[in-house]
Amino acid sequence: MHESERMAGPQAGVVQPTGDRAAVARACEGDSEAFRSLVERHSRYVFNVAYRLTTSASDAEDVVQTTFLRAYQQLSRFEARADFRTWLHRIAVNCSIDLIRTRRHREVGHDPQDLEYESAAGGDHKIAPGPDRLLLSSEIRDRVSEGLALLSASERLAFTLRHVEGLPIRDVAAAMGLKTEAAKNSIFRAVRKMRTALEPFVEVSERRA
Amino acid sequence: MTDHHSHVTEEDLILHFYGEGPDQPRIESHLASCEACQHELARLTRVLALVDTADSFNPAEAPGLAFEREVWARLEPALGAHRESWFSRLFHSTPKWALAGGVAALLLAAFVAGRSTGDVPPAYVAETDGDVAARVLVVAVVDHLDRSQMVLMEVMNADVESATDLSGEQTLARELIAANRLYRHTATETGDGSTSDVLDELERVLLEIANTPADATRDDLDALRARISSRSLLFKVRVVHSEMVERERKTLLPGSQS
């Protein structure tokens with residue numbers, strides 16, 4: 001799934017809105033098998049959203065659990081006309097940010113609102129180099145990973161929410177507990193750092209081509 | 001960007017790239033006739049396209065084939081508690097305000113116990129009926145604080161330049177007030193003064209939001225924001241929320257006591 005889903009946000013991937021709505025309706029009536037079908041259909045997607053934000057597989061697994069438990073509790077609030085995956089995406093983003101704040105707070109006793117103090121390069125971000133996947137060159141992946149490592153935790157989070165998850169900046173701000181201007185500035189800083197890291201590589205690649 | 005002859009700033013180009021530019025038609029018009037800005041946008045686009053191509057955000061290894069089954073195996077007991085426990089039966093037969101009090105009493109008693117020992121006692125993490133119920137209770141209070149934060153954030157981020165419809169936030173605030181009141185009483189009774197203080201401040205602000213005219217003026221919004229900001233209410237709610245989330249994580253995943 002990864003590529004198409006990642007770049008197109010919650011609407012992409014294998015989405016079965018009608019099936020989801022029917023399953024939600026049955027789950028609201030106490031049909032656990034219906035909820036199970038939703039979990040089986042979407043848990044991998046939630047894992048990937050959570051991984052992109054937490055950058056840790058074990059944290060992402062925790063987020064999957066919390067997301068579905070919250071979804072189950074809030075199922076009666078789900079609007080029948082809405083897209084279940086979009087709704088789930090929002091819960092997963094919130095659960096991921098909660099976990100990131102809690103993790104920071106627990107590890108260094110830091111103000112949980114402040115994600116700025118730690119550069120991703122110095123944190124526990126696991127940007128796995130891994131084997132080459134699909135048709136992508138490992139060189140590009142390495143360069144991008146190096147660029148991402150230059151971002152502070154809040155810059156990376158804001159950039160991921162805007163660029164990868166496709167949230168409008170206002171929603172990025174709300175999810176991160178920031179004012180809109182602060183979220184914008186985090187995104188600007190992130191993009192500038194990525195440009196600094198990647199532009200020389202882009203130019204060389206283009207000359208090669 | 002200032003006028004047609006000035007180049008587009010990097011910030012506006014970034015916003016334009018994401019379709020969130022402050023004046024998209026004007027930027028597009030400028031771009032149509034300015035090679036320098038076209039070049040700058042192309043460079044920006046190439047870099048961001050490279051980020052897309054690299055797939056550096058996804059896990060290097062996808063979860064195994066049994067992933068969905070494992071998720072369900074861990075999740076089902078907690079859902080079962082929600083469906084079948086005494087708590088669930090209570091939920092269907094008791095007014096919500098009374099439920100909230102019961103939830104708060106159990107949660108805050110456990111919360112205070114957790115605080116006083118500095119960790120979760122072994123008895124608490126054992127798989128008992130009470131523990132399973134506690135999972136549900138913790139999630140309920142996290143949800144309450146979640147929704148409260150959402151209301152506060154909506155007020156803080158509302159557009160000050162025009163009259164704002166706060167009716168949605170007001171409806172939610174009214175729903176939250178009764179539950180909040182009972183959580184606060186229970187926190188006071190269990191001796192958790194700091195949580196009680198935060199909930200007391202939260203309740204006052206929720207009341208103010210509920211009682212503000214639905215078509216709030218800029219002055220109304222400024223007053224509400226000043227109230228929220230003056231005592232760092234949002235931050236305090238986040239701290240309590242953060243502690244509850246940690247408790248939620250421990251009750252949901254008893255093995256992860258990190």
# chains A, B, ... in the order shown; residues from 1 in each chain; ligands from 1

$ residues_around --residues "range 169-172 of chain A" --least-positions-apart "2" --cutoff "9 Å" --atoms "only C-alpha atoms" --output "list in words"
Leu157, Ala158, Phe159, Leu161, Arg162, Gly166, Leu167, Ala174, Ala175, Met176, Gly177, Leu178, Lys179, Thr180, Glu181, Ala183, Lys184 and Ile187 of chain A; Glu20 and Asn157 of chain B

$ interface_residues --of "chain B" --to "chain A" --cutoff "6 Å" --atoms "only C-alpha atoms" --output "list in words"
Ala54, Ser56, Phe57, Asn58, Ala60, Glu68 and Ser242 of chain B

$ write_last_selection --atoms "C-alpha atoms" --output "PDB file, in the first residue's frame"
ATOM      1  CA  ALA B  54      12.140   8.620  -0.959  1.00  0.00           C
ATOM      2  CA  SER B  56      11.521   7.789   4.278  1.00  0.00           C
ATOM      3  CA  PHE B  57       8.503   8.077   6.525  1.00  0.00           C
ATOM      4  CA  ASN B  58       7.184   4.554   6.343  1.00  0.00           C
ATOM      5  CA  ALA B  60      11.377  -0.229   6.492  1.00  0.00           C
ATOM      6  CA  GLU B  68      -4.348  -7.691  12.209  1.00  0.00           C
ATOM      7  CA  SER B 242      -0.768  13.699  29.400  1.00  0.00           C
TER       8      SER B 242
END

$ atom_distance --atom1 "CA of Gln24 in chain B" --atom2 "CA of Asp12 in chain B"
9.2 Å

$ residues_around --residues "Glu10 in chain B" --least-positions-apart "2" --cutoff "10 Å" --atoms "only C-alpha atoms" --output "list in words"
Phe188, Val191 and Arg192 of chain A; Met1, His7, Val8, Asp12, Leu13, Ile14, Leu15, His16, Cys37, Glu40, Leu41 and Leu44 of chain B

$ residues_around --residues "Asp146 in chain B" --least-positions-apart "4" --cutoff "9 Å" --atoms "only C-alpha atoms" --output "list of chain:residue names"
A:Asn94, B:Val141, B:Val142, B:Met150, B:Val151, B:Arg238, B:His241

$ residues_around --residues "Ala190 in chain A" --least-positions-apart "6" --cutoff "7 Å" --atoms "only C-alpha atoms" --output "list of chain:residue names"
A:Leu151, A:Glu155, A:Arg156, A:Phe159

$ write_last_selection --atoms "N, CA and C atoms" --output "PDB file, in the first residue's frame"
ATOM      1  N   LEU A 151      15.741  18.188  11.250  1.00  0.00           N
ATOM      2  CA  LEU A 151      14.553  18.865  11.779  1.00  0.00           C
ATOM      3  C   LEU A 151      14.415  18.616  13.272  1.00  0.00           C
ATOM      4  N   GLU A 155       9.317  20.433  14.216  1.00  0.00           N
ATOM      5  CA  GLU A 155       9.364  20.704  12.782  1.00  0.00           C
ATOM      6  C   GLU A 155       9.018  19.451  11.996  1.00  0.00           C
ATOM      7  N   ARG A 156       9.577  18.343  12.432  1.00  0.00           N
ATOM      8  CA  ARG A 156       9.297  17.093  11.720  1.00  0.00           C
ATOM      9  C   ARG A 156       7.814  16.728  11.825  1.00  0.00           C
ATOM     10  N   PHE A 159       5.759  19.138   9.677  1.00  0.00           N
ATOM     11  CA  PHE A 159       6.006  18.838   8.261  1.00  0.00           C
ATOM     12  C   PHE A 159       5.313  17.535   7.858  1.00  0.00           C
TER      13      PHE A 159
END

$ closest_residue --among "A:Leu150, A:Ala182, A:Ile91, A:Ile97" --to "Thr67 in chain A" --atoms "only C-alpha atoms"
A:Ile91

$ residues_around --residues "Gly168 in chain B" --least-positions-apart "5" --cutoff "10 Å" --atoms "only C-alpha atoms" --output "list in words"
Val151, Glu154, Ala173, Ala210 and Ala214 of chain B

$ residues_around --residues "range 169-172 of chain B" --least-positions-apart "4" --cutoff "12 Å" --atoms "only C-alpha atoms" --output "ChimeraX atom specification"
/B:144,146-158,164-165,176-179,205-216
